[in-house]
$ cat start.txt   # compact mmCIF, C-alpha atoms
# COMPACT_ATOMS: atom_id res chain seq x y z
CA MET A 1 71.32 15.13 163.43
CA ALA A 2 71.65 11.44 162.83
CA ALA A 3 72.99 9.62 165.87
CA PRO A 4 76.22 7.69 165.31
CA LYS A 5 75.45 4.07 164.54
CA THR A 6 78.26 2.55 166.62
CA ALA A 7 79.06 3.67 170.16
CA ARG A 8 82.47 5.24 169.72
CA ALA A 9 85.12 4.71 172.35
CA SER A 10 85.78 7.77 174.47
CA ARG A 11 88.93 9.63 173.51
CA ASN A 12 89.53 10.28 177.18
CA LYS A 13 91.18 7.19 178.70
CA GLU A 14 89.81 6.47 182.17
CA LEU A 15 92.62 6.30 184.69
CA ILE A 16 90.33 5.47 187.61
CA LYS A 17 86.55 5.54 187.76
CA GLY A 18 85.61 9.18 187.38
CA VAL A 19 89.07 10.49 186.52
CA GLY A 20 90.10 10.86 182.93
CA ARG A 21 93.54 11.30 181.48
CA LEU A 22 92.69 14.58 179.72
CA SER A 23 91.15 17.75 181.06
CA ARG A 24 88.07 19.31 179.45
CA SER A 25 90.02 21.63 177.22
CA LYS A 26 92.38 18.86 176.19
CA VAL A 27 89.46 16.59 175.34
CA TYR A 28 88.01 19.33 173.17
CA HIS A 29 91.35 19.72 171.43
CA ASN A 30 91.73 15.98 171.10
CA ARG A 31 88.34 15.58 169.41
CA GLY A 32 89.51 17.88 166.68
CA LEU A 33 86.16 19.54 165.91
CA TRP A 34 88.07 22.86 165.94
CA ALA A 35 90.00 21.61 162.91
CA ILE A 36 86.80 20.72 161.06
CA LYS A 37 85.35 24.10 161.93
CA ALA A 38 88.48 25.91 160.75
CA LYS A 39 88.42 23.96 157.50
CA HIS A 40 84.85 25.02 156.84
CA GLY A 41 85.35 28.69 157.61
CA GLY A 42 84.46 28.86 161.26
CA ALA A 43 81.21 26.91 161.24
CA PHE A 44 80.58 23.25 161.65
CA PRO A 45 79.20 21.71 158.42
CA THR A 46 75.59 20.64 158.79
CA HIS A 47 73.29 18.51 156.71
CA LYS A 48 69.75 19.67 156.06
CA PRO A 49 67.56 18.05 158.67
CA SER A 50 65.79 15.06 157.05
CA GLU A 51 62.03 14.77 157.17
CA LYS A 52 61.39 12.64 160.17
CA PRO A 53 58.18 10.61 160.15
CA THR A 54 56.03 11.88 162.97
CA GLU A 55 55.96 9.17 165.53
CA ALA A 56 53.13 9.06 167.91
CA LYS A 57 55.09 8.37 171.02
CA ALA A 58 53.11 6.69 173.69
CA ALA A 59 52.95 9.19 176.53
CA GLU A 60 55.27 7.76 179.18
CA LYS A 61 53.82 7.96 182.61
CA PRO A 62 56.18 9.47 185.14
CA PRO A 63 57.59 6.73 187.35
CA LYS A 64 55.93 6.13 190.72
CA TYR A 65 59.19 5.38 192.46
CA TYR A 66 62.21 7.58 192.76
CA PRO A 67 65.08 6.21 194.80
CA ALA A 68 65.83 8.39 197.83
CA ASP A 69 69.57 7.92 197.75
CA ASP A 70 71.83 7.86 194.78
CA GLU A 71 72.29 4.38 193.47
CA PRO A 72 75.95 3.43 193.30
CA ARG A 73 77.08 2.82 189.78
CA PRO A 74 78.69 -0.58 189.58
CA ILE A 75 82.31 -0.69 188.48
CA SER A 76 82.54 -1.98 184.93
CA ARG A 77 83.87 -5.50 184.89
CA ASN A 78 84.60 -6.77 181.43
CA HIS A 79 87.50 -9.04 182.30
CA LYS A 80 87.38 -12.40 180.56
CA PRO A 81 89.99 -14.81 181.88
CA LYS A 82 92.32 -16.23 179.26
CA PRO A 83 93.71 -19.73 179.43
CA THR A 84 97.05 -19.89 181.23
CA LYS A 85 99.96 -18.81 179.10
CA LEU A 86 101.66 -21.91 177.84
CA ARG A 87 105.38 -22.09 178.44
CA ALA A 88 107.35 -21.77 175.20
CA SER A 89 109.03 -25.10 175.85
CA ILE A 90 105.69 -26.95 175.81
CA THR A 91 104.50 -27.65 172.28
CA PRO A 92 102.20 -30.44 171.06
CA GLY A 93 104.18 -33.67 171.06
CA THR A 94 106.61 -32.66 173.80
CA VAL A 95 107.54 -35.29 176.37
CA LEU A 96 106.71 -33.96 179.82
CA ILE A 97 107.75 -35.21 183.24
CA LEU A 98 104.90 -35.19 185.77
CA LEU A 99 106.02 -33.93 189.13
CA ALA A 100 103.11 -34.65 191.43
CA GLY A 101 100.16 -36.89 191.88
CA ARG A 102 99.59 -40.55 191.22
CA PHE A 103 101.84 -40.54 188.15
CA MET A 104 104.72 -38.65 189.74
CA GLY A 105 107.88 -39.08 187.70
CA LYS A 106 106.16 -40.53 184.66
CA ARG A 107 107.15 -39.28 181.27
CA VAL A 108 104.11 -38.50 179.16
CA VAL A 109 103.28 -37.02 175.78
CA PHE A 110 101.63 -33.59 175.69
CA LEU A 111 98.69 -33.35 173.30
CA LYS A 112 97.14 -29.92 173.64
CA GLN A 113 96.13 -27.18 176.03
CA LEU A 114 92.46 -27.24 177.04
CA PRO A 115 90.34 -24.08 177.29
CA SER A 116 90.65 -24.14 181.08
CA GLY A 117 94.43 -23.84 180.75
CA LEU A 118 95.18 -27.39 181.84
CA LEU A 119 97.31 -29.61 179.65
CA LEU A 120 95.91 -32.73 178.00
CA VAL A 121 98.43 -35.57 178.21
CA THR A 122 98.49 -39.27 177.54
CA GLY A 123 101.02 -41.96 178.54
CA PRO A 124 100.31 -43.55 176.06
CA PHE A 125 98.32 -45.86 178.29
CA LYS A 126 99.85 -49.05 176.92
CA VAL A 127 103.37 -47.75 177.46
CA ASN A 128 103.25 -46.39 180.98
CA GLY A 129 99.71 -46.61 182.31
CA VAL A 130 98.92 -42.90 182.13
CA PRO A 131 95.52 -42.40 180.48
CA LEU A 132 94.21 -39.33 178.70
CA ARG A 133 94.45 -36.93 181.57
CA ARG A 134 94.48 -33.30 182.48
CA VAL A 135 97.54 -31.89 184.19
CA ASN A 136 98.50 -28.47 185.45
CA GLN A 137 101.41 -26.79 183.74
CA ALA A 138 102.96 -25.91 187.09
CA TYR A 139 103.47 -29.56 188.00
CA VAL A 140 105.32 -30.48 184.87
CA ILE A 141 108.87 -30.31 183.54
CA ALA A 142 109.07 -29.98 179.78
CA THR A 143 111.87 -31.97 178.19
CA SER A 144 113.33 -31.10 174.83
CA THR A 145 112.27 -34.46 173.38
CA LYS A 146 109.45 -34.01 170.90
CA ILE A 147 107.23 -36.28 168.80
CA ASP A 148 105.42 -35.13 165.70
CA ILE A 149 101.69 -35.36 166.45
CA SER A 150 100.40 -33.03 163.76
CA ASP A 151 98.16 -35.73 162.34
CA VAL A 152 96.70 -36.90 165.64
CA ASN A 153 93.17 -35.59 166.09
CA VAL A 154 92.50 -34.40 169.62
CA GLU A 155 89.78 -31.91 168.75
CA LYS A 156 87.01 -33.66 170.59
CA PHE A 157 88.66 -33.58 174.01
CA ASP A 158 87.78 -30.62 176.19
CA ASP A 159 87.24 -29.94 179.87
CA LYS A 160 83.69 -31.28 179.84
CA TYR A 161 85.02 -34.69 178.80
CA PHE A 162 86.94 -34.92 182.05
CA THR A 163 84.50 -33.55 184.60
CA LYS A 164 82.98 -35.99 187.08
CA GLU A 165 79.43 -37.07 186.40
CA ALA A 166 77.00 -35.41 188.83
CA GLN A 167 75.78 -38.22 191.07
CA GLU A 168 72.22 -38.32 192.21
CA LYS A 169 72.20 -38.04 195.98
CA LYS A 170 70.68 -41.10 197.50
CA LYS A 171 69.08 -40.56 200.84
CA LYS A 172 70.32 -43.30 203.11
CA THR A 173 68.18 -44.63 205.87
CA GLU A 174 69.69 -45.97 209.06
CA GLY A 175 69.34 -49.52 207.93
CA GLN A 176 71.19 -48.84 204.74
CA PHE A 177 74.10 -47.30 206.63
CA PHE A 178 74.74 -50.49 208.47
CA GLU A 179 74.30 -52.66 205.45
CA ALA A 180 77.37 -53.68 203.66
CA SER A 181 77.22 -50.80 201.20
CA LYS A 182 77.46 -52.18 197.74
CA GLU A 183 78.71 -49.10 196.03
CA GLU A 184 78.64 -49.35 192.29
CA SER A 185 82.24 -49.76 191.30
CA LYS A 186 83.43 -46.97 189.07
CA VAL A 187 83.78 -48.48 185.67
CA LEU A 188 85.22 -46.39 182.89
CA PRO A 189 82.66 -46.09 180.09
CA GLN A 190 83.60 -48.01 176.96
CA GLY A 191 83.56 -44.81 174.89
CA LYS A 192 86.44 -43.37 176.89
CA LYS A 193 88.38 -46.60 176.55
CA ASP A 194 87.90 -46.47 172.79
CA ASN A 195 89.05 -42.86 172.67
CA GLN A 196 92.17 -43.83 174.56
CA LYS A 197 92.82 -46.66 172.10
CA THR A 198 92.40 -44.48 169.01
CA VAL A 199 94.74 -41.78 170.27
CA ASP A 200 97.32 -44.26 171.48
CA SER A 201 97.23 -46.31 168.29
CA GLN A 202 98.26 -43.20 166.42
CA LEU A 203 101.02 -42.34 168.85
CA ILE A 204 102.62 -45.72 169.40
CA PRO A 205 104.03 -46.24 165.86
CA LYS A 206 105.69 -42.82 166.11
CA ILE A 207 107.15 -43.69 169.48
CA GLU A 208 108.43 -47.04 168.27
CA ALA A 209 110.07 -45.32 165.31
CA VAL A 210 112.54 -43.59 167.65
CA PRO A 211 114.96 -46.08 169.22
CA GLU A 212 114.65 -46.49 173.00
CA LEU A 213 111.88 -43.89 173.26
CA LYS A 214 109.32 -46.47 174.34
CA ALA A 215 111.53 -47.67 177.19
CA TYR A 216 112.16 -44.01 178.09
CA LEU A 217 108.44 -43.31 178.38
CA ALA A 218 107.91 -46.48 180.37
CA ALA A 219 110.55 -45.54 182.94
CA ARG A 220 109.98 -43.05 185.73
CA PHE A 221 112.20 -40.04 186.28
CA SER A 222 114.00 -39.71 189.59
CA LEU A 223 116.80 -37.60 190.96
CA ARG A 224 119.94 -39.55 191.67
CA SER A 225 122.96 -38.68 193.74
CA GLY A 226 124.90 -35.84 192.18
CA MET A 227 122.08 -34.63 189.95
CA LYS A 228 121.51 -30.94 190.48
CA PRO A 229 118.10 -29.95 189.09
CA HIS A 230 119.11 -26.35 188.50
CA GLU A 231 122.05 -27.51 186.37
CA LEU A 232 120.27 -30.30 184.51
CA VAL A 233 119.30 -29.73 180.92
CA PHE A 234 115.91 -31.29 180.30
CA MET B 1 159.45 -31.77 193.42
CA PRO B 2 160.50 -29.17 190.85
CA PHE B 3 158.01 -27.04 189.02
CA LYS B 4 157.35 -27.95 185.43
CA ARG B 5 155.00 -25.21 184.23
CA TYR B 6 156.60 -21.78 184.44
CA VAL B 7 155.15 -18.35 183.97
CA GLU B 8 156.95 -17.11 180.87
CA ILE B 9 156.16 -15.21 177.74
CA GLY B 10 154.29 -17.58 175.50
CA ARG B 11 152.84 -19.75 178.27
CA VAL B 12 149.26 -20.74 177.47
CA ALA B 13 146.99 -20.51 180.49
CA MET B 14 143.34 -21.17 181.18
CA MET B 15 141.14 -18.54 182.79
CA ASN B 16 140.08 -19.80 186.17
CA TYR B 17 137.66 -17.12 187.28
CA GLY B 18 135.22 -14.63 186.01
CA LYS B 19 133.26 -14.09 182.85
CA GLU B 20 135.89 -15.75 180.68
CA TYR B 21 136.09 -18.90 182.77
CA GLY B 22 137.58 -21.77 180.78
CA LYS B 23 139.10 -19.67 178.04
CA LEU B 24 142.65 -20.24 176.81
CA VAL B 25 144.91 -17.18 176.85
CA VAL B 26 148.61 -16.53 176.24
CA ILE B 27 150.87 -14.69 178.68
CA VAL B 28 152.55 -12.03 176.57
CA ASP B 29 154.25 -10.05 179.34
CA VAL B 30 154.69 -9.99 183.11
CA ILE B 31 153.66 -6.72 184.75
CA ASP B 32 154.72 -7.31 188.33
CA GLN B 33 154.74 -9.99 190.96
CA ASN B 34 151.02 -10.59 190.72
CA ARG B 35 149.90 -9.64 187.25
CA ALA B 36 150.54 -10.62 183.69
CA LEU B 37 149.56 -9.15 180.41
CA ILE B 38 147.48 -11.71 178.58
CA ASP B 39 146.14 -11.92 175.07
CA ALA B 40 143.96 -14.24 173.04
CA PRO B 41 142.82 -14.16 169.43
CA ASP B 42 139.27 -13.09 170.30
CA MET B 43 139.85 -10.66 173.13
CA VAL B 44 141.45 -7.31 173.81
CA ARG B 45 144.90 -7.63 175.37
CA GLY B 46 144.70 -6.87 179.09
CA GLN B 47 146.09 -7.50 182.53
CA MET B 48 145.13 -10.45 184.66
CA ASN B 49 146.10 -11.59 188.13
CA PHE B 50 148.03 -14.86 188.20
CA LYS B 51 145.53 -16.16 190.71
CA ARG B 52 142.91 -16.12 187.97
CA LEU B 53 145.09 -18.13 185.61
CA HIS B 54 145.74 -21.83 185.55
CA LEU B 55 148.94 -22.65 183.66
CA THR B 56 148.88 -25.37 181.02
CA ASP B 57 151.66 -27.47 179.52
CA ILE B 58 151.53 -25.62 176.22
CA LYS B 59 154.05 -22.92 175.40
CA ILE B 60 154.33 -21.00 172.16
CA ASP B 61 157.27 -19.13 170.69
CA ILE B 62 156.56 -15.39 170.68
CA PRO B 63 158.51 -12.20 171.35
CA ARG B 64 157.41 -9.93 174.17
CA ILE B 65 153.95 -8.42 173.43
CA PRO B 66 153.48 -9.46 169.82
CA LYS B 67 150.99 -7.86 167.49
CA LYS B 68 147.64 -9.61 167.31
CA LYS B 69 148.37 -10.94 163.82
CA SER B 70 151.71 -12.43 164.79
CA LEU B 71 150.18 -13.87 167.96
CA ILE B 72 147.50 -15.62 165.92
CA ALA B 73 150.14 -16.85 163.46
CA ALA B 74 152.29 -18.18 166.28
CA MET B 75 149.30 -19.97 167.83
CA GLU B 76 148.49 -21.57 164.50
CA ALA B 77 152.11 -22.62 164.03
CA ALA B 78 152.22 -24.24 167.45
CA ASP B 79 148.78 -25.78 166.83
CA VAL B 80 147.57 -24.77 170.29
CA LYS B 81 143.94 -25.64 169.70
CA ASN B 82 144.55 -29.24 168.63
CA LYS B 83 147.25 -29.81 171.24
CA TRP B 84 144.81 -28.66 173.88
CA GLU B 85 141.94 -30.78 172.66
CA ARG B 86 144.20 -33.86 172.52
CA SER B 87 145.66 -33.30 175.97
CA SER B 88 144.05 -35.22 178.81
CA TRP B 89 142.99 -31.99 180.54
CA GLY B 90 141.41 -30.66 177.37
CA ARG B 91 139.66 -33.95 176.69
CA LYS B 92 138.23 -34.01 180.20
CA LEU B 93 136.76 -30.57 179.69
CA ILE B 94 135.16 -31.60 176.43
CA VAL B 95 133.58 -34.62 178.10
CA GLN B 96 132.35 -32.46 181.00
CA LYS B 97 130.72 -30.06 178.54
CA ARG B 98 129.05 -32.89 176.66
CA ARG B 99 127.73 -34.44 179.85
CA ALA B 100 126.36 -31.12 181.07
CA ALA B 101 124.51 -30.61 177.80
CA LEU B 102 122.82 -34.01 177.86
CA ASN B 103 119.09 -34.02 177.50
CA ASP B 104 116.89 -36.15 179.84
CA PHE B 105 116.36 -38.64 177.00
CA ASP B 106 120.11 -38.68 176.29
CA ARG B 107 120.82 -39.43 179.93
CA PHE B 108 118.40 -42.34 179.76
CA LYS B 109 120.12 -43.69 176.64
CA VAL B 110 123.53 -43.35 178.34
CA MET B 111 122.19 -45.28 181.32
CA LEU B 112 120.99 -48.12 179.08
CA ALA B 113 124.33 -48.14 177.26
CA LYS B 114 126.25 -48.28 180.53
CA ILE B 115 124.16 -51.19 181.76
CA LYS B 116 124.63 -53.05 178.49
CA ARG B 117 128.38 -52.43 178.54
CA ALA B 118 128.69 -53.56 182.13
CA GLY B 119 126.74 -56.71 181.29
CA LEU B 120 129.08 -57.56 178.41
CA ILE B 121 132.14 -56.97 180.57
CA ARG B 122 130.79 -59.10 183.37
CA ARG B 123 129.98 -61.93 180.98
CA GLU B 124 133.50 -61.87 179.53
CA LEU B 125 134.98 -61.71 183.02
CA SER B 126 132.96 -64.68 184.22
CA LYS B 127 134.07 -66.61 181.12
CA LEU B 128 137.70 -65.86 181.91
CA GLN B 129 137.21 -66.75 185.56
CA LYS B 130 135.71 -70.09 184.60
CA GLU B 131 138.69 -70.81 182.35
CA THR B 132 141.26 -70.03 185.00
CA GLY B 133 139.22 -71.74 187.69
CA ALA B 134 138.71 -74.91 185.72
$ encode --input "start.txt" --output "structure tokens"
Amino acid sequence: MAAPKTARASRNKELIKGVGRLSRSKVYHNRGLWAIKAKHGGAFPTHKPSEKPTEAKAAEKPPKYYPADDEPRPISRNHKPKPTKLRASITPGTVLILLAGRFMGKRVVFLKQLPSGLLLVTGPFKVNGVPLRRVNQAYVIATSTKIDISDVNVEKFDDKYFTKEAQEKKKKTEGQFFEASKEESKVLPQGKKDNQKTVDSQLIPKIEAVPELKAYLAARFSLRSGMKPHELVF
Amino acid sequence: MPFKRYVEIGRVAMMNYGKEYGKLVVIVDVIDQNRALIDAPDMVRGQMNFKRLHLTDIKIDIPRIPKKKSLIAAMEAADVKNKWERSSWGRKLIVQKRRAALNDFDRFKVMLAKIKRAGLIRRELSKLQKETGA
């Protein structure tokens, strides 16, 4: 009989390793071969066995080593993590309020969600000093103010763009420790500055089109007396 | 100081408690010392404790327990909705609702407007002060 080309999924759902949902008789019933047999008068339909080319199989030597104990079968792990589910209120172009970190309280524009699940945001830099940056969804309030950024290209930004460069470890001798360590100041590469400029130049005309939006993005959010966060509409 | 708003048939009251908080209803009958029968165009007529009602100044002309149709007609004739929205109490509620529904961006715009307004007022005031001072 020809072997099935694709490995078919078992009809017996595994509840826990080694325990299936259906019992033997139920699995037999579920497979439905009884129905095929009944349709063909009690016997399973067979094809005439095809002429197989005689293969000279190389005689496999019996293995030298047999494990003494049963090897434990590893539990199947096929889980692939998905990027964090994006809140429905966060769509590209939404103005977000950052809640923690250096830019706490700043209102920024959301660009897209990166494969790691983090959100890519930008100030824009000229407006409020927030560069192209990654931010965690949990530390963000989404406002209902949105800008149309359908024609802004942010395809090239991904997590690799933002990771720190691996620094070569320099072995310091005693003398060097006591020297006034002239660490190379971290200068942002020109390419990143240009990327910032291109993205911002596309965003700024849209921001300036809405009255007072630029001043809004430049200002920081803070809670005042009488403001109850659970009652505020953002 | 005498009372001005009486519990009577036709008195419009505002719900002060519960699921229907803020809704305007009409007292169509008094059941006993504590309860009234109330009715509104969009609800089933039912009893309500007076403690859950807040009487308003508006009174409409209806017989005891009118049919829904005649109640609605009487409310239209007395123009309850507009009277309420023009009254200072009604206007305050509308403003409260608007303020509660303000967006973060809207609140920012209101803040800028307030600052601008205050600046204009202060400039005018200082002009007037200079005139009287001089």
$ residues_near_point --input "start.txt" --point "(107.7, -49.0, 173.2)" --cutoff "12 Å" --atoms "all atoms listed in the file" --output "PyMOL selection string"
chain A and resi 123-128+200-201+203-219
$ atom_distance --input "start.txt" --atom1 "CA of Ser225 (chain A)" --atom2 "CA of Met111 (chain B)"
14.1 Å
$ atom_distance --input "start.txt" --atom1 "CA of Ser89 (chain A)" --atom2 "CA of Ala113 (chain B)"
27.7 Å
$ atom_distance --input "start.txt" --atom1 "CA of Phe105 (chain B)" --atom2 "CA of Thr145 (chain A)"
6.9 Å
$ interface_residues --input "start.txt" --of "chain B" --to "chain A" --cutoff "8 Å" --atoms "only C-alpha atoms" --output "PyMOL selection string"
chain B and resi 100-105+108-109
$ residues_near_point --input "start.txt" --point "(155.7, -20.0, 172.3)" --cutoff "10 Å" --atoms "all atoms listed in the file" --output "list in words"
Glu8, Ile9, Gly10, Arg11, Val12, Val26, Ile27, Val28, Ile58, Lys59, Ile60, Asp61, Ile62, Pro63, Leu71, Ala74, Met75, Ala77, Ala78 and Val80 of chain B
$ residues_around --input "start.txt" --residues "Gly18 (chain B)" --least-positions-apart "3" --cutoff "12 Å" --atoms "all atoms listed in the file" --output "PyMOL selection string"
chain B and resi 14-15+21-23+48-49+51-53
$ residues_around --input "start.txt" --residues "Pro81 (chain A)" --least-positions-apart "3" --cutoff "12 Å" --atoms "only C-alpha atoms" --output "mmCIF file with C-alpha atoms, in the frame of the given file"
data_model
loop_
_atom_site.group_PDB
_atom_site.id
_atom_site.type_symbol
_atom_site.label_atom_id
_atom_site.label_comp_id
_atom_site.auth_asym_id
_atom_site.auth_seq_id
_atom_site.Cartn_x
_atom_site.Cartn_y
_atom_site.Cartn_z
ATOM 1 C CA ARG A 77 83.870 -5.500 184.890
ATOM 2 C CA ASN A 78 84.600 -6.770 181.430
ATOM 3 C CA THR A 84 97.050 -19.890 181.230
ATOM 4 C CA LYS A 85 99.960 -18.810 179.100
ATOM 5 C CA PRO A 115 90.340 -24.080 177.290
ATOM 6 C CA SER A 116 90.650 -24.140 181.080
ATOM 7 C CA GLY A 117 94.430 -23.840 180.750
#
$ residues_around --input "start.txt" --residues "Gly32 (chain A)" --least-positions-apart "6" --cutoff "12 Å" --atoms "all atoms listed in the file" --output "ChimeraX atom specification"
/A:11,25-26,38-39,44
$ decode --input "start.txt" --residues "region 30-112 of chain B" --atoms "C-alpha atoms" --output "tab-separated table (two decimals), in the first residue's frame"
chain	number	residue	atom	x	y	z
B	30	VAL	CA	-48.89	59.14	45.62
B	31	ILE	CA	-48.99	55.63	47.08
B	32	ASP	CA	-48.31	56.32	50.73
B	33	GLN	CA	-46.14	58.45	52.95
B	34	ASN	CA	-42.93	57.26	51.34
B	35	ARG	CA	-43.70	56.23	47.81
B	36	ALA	CA	-45.02	57.71	44.63
B	37	LEU	CA	-46.08	56.26	41.36
B	38	ILE	CA	-43.85	57.71	38.69
B	39	ASP	CA	-43.92	57.60	34.93
B	40	ALA	CA	-41.78	58.81	32.06
B	41	PRO	CA	-42.18	58.55	28.30
B	42	ASP	CA	-39.49	55.87	27.95
B	43	MET	CA	-40.09	53.73	31.01
B	44	VAL	CA	-42.71	51.47	32.51
B	45	ARG	CA	-44.80	53.22	35.16
B	46	GLY	CA	-43.67	52.11	38.62
B	47	GLN	CA	-43.29	53.00	42.26
B	48	MET	CA	-40.38	54.95	43.63
B	49	ASN	CA	-39.40	56.10	47.10
B	50	PHE	CA	-39.41	59.86	47.55
B	51	LYS	CA	-35.89	59.61	48.89
B	52	ARG	CA	-34.75	58.61	45.40
B	53	LEU	CA	-36.43	61.61	43.81
B	54	HIS	CA	-35.25	65.17	43.64
B	55	LEU	CA	-38.13	67.56	42.94
B	56	THR	CA	-37.76	70.17	40.22
B	57	ASP	CA	-39.56	73.44	39.62
B	58	ILE	CA	-41.48	72.06	36.67
B	59	LYS	CA	-45.08	70.94	37.05
B	60	ILE	CA	-47.35	69.67	34.30
B	61	ASP	CA	-51.13	69.53	34.15
B	62	ILE	CA	-52.30	65.90	34.23
B	63	PRO	CA	-55.13	63.95	35.84
B	64	ARG	CA	-54.29	61.18	38.28
B	65	ILE	CA	-52.45	58.30	36.50
B	66	PRO	CA	-52.87	59.33	32.88
B	67	LYS	CA	-52.42	56.98	29.97
B	68	LYS	CA	-48.96	56.98	28.45
B	69	LYS	CA	-50.17	58.81	25.34
B	70	SER	CA	-51.83	61.59	27.30
B	71	LEU	CA	-48.79	61.85	29.57
B	72	ILE	CA	-46.53	62.33	26.56
B	73	ALA	CA	-48.98	64.87	25.10
B	74	ALA	CA	-49.09	66.78	28.37
B	75	MET	CA	-45.30	66.82	28.58
B	76	GLU	CA	-45.07	68.15	25.06
B	77	ALA	CA	-47.68	70.81	25.80
B	78	ALA	CA	-45.81	71.97	28.88
B	79	ASP	CA	-42.52	71.78	26.94
B	80	VAL	CA	-40.78	70.01	29.82
B	81	LYS	CA	-37.64	69.14	27.90
B	82	ASN	CA	-36.84	72.69	26.80
B	83	LYS	CA	-37.83	74.21	30.13
B	84	TRP	CA	-35.46	71.82	31.83
B	85	GLU	CA	-32.57	72.46	29.48
B	86	ARG	CA	-33.02	76.23	29.87
B	87	SER	CA	-33.24	76.11	33.66
B	88	SER	CA	-30.04	76.79	35.55
B	89	TRP	CA	-30.06	73.29	37.08
B	90	GLY	CA	-30.53	71.68	33.69
B	91	ARG	CA	-27.82	73.82	32.13
B	92	LYS	CA	-25.39	72.89	34.89
B	93	LEU	CA	-25.98	69.22	34.21
B	94	ILE	CA	-25.36	69.67	30.51
B	95	VAL	CA	-22.08	71.45	31.23
B	96	GLN	CA	-21.06	68.70	33.68
B	97	LYS	CA	-21.73	66.06	31.04
B	98	ARG	CA	-19.73	67.94	28.43
B	99	ARG	CA	-16.80	68.41	30.80
B	100	ALA	CA	-16.81	64.73	31.74
B	101	ALA	CA	-16.70	63.72	28.09
B	102	LEU	CA	-13.72	65.92	27.24
B	103	ASN	CA	-10.82	64.23	25.58
B	104	ASP	CA	-7.22	64.86	26.78
B	105	PHE	CA	-6.64	67.07	23.72
B	106	ASP	CA	-9.91	68.91	24.39
B	107	ARG	CA	-8.85	69.57	27.97
B	108	PHE	CA	-5.59	71.02	26.68
B	109	LYS	CA	-7.46	73.30	24.27
B	110	VAL	CA	-9.78	74.43	27.09
B	111	MET	CA	-6.74	75.23	29.21
B	112	LEU	CA	-5.23	77.38	26.45
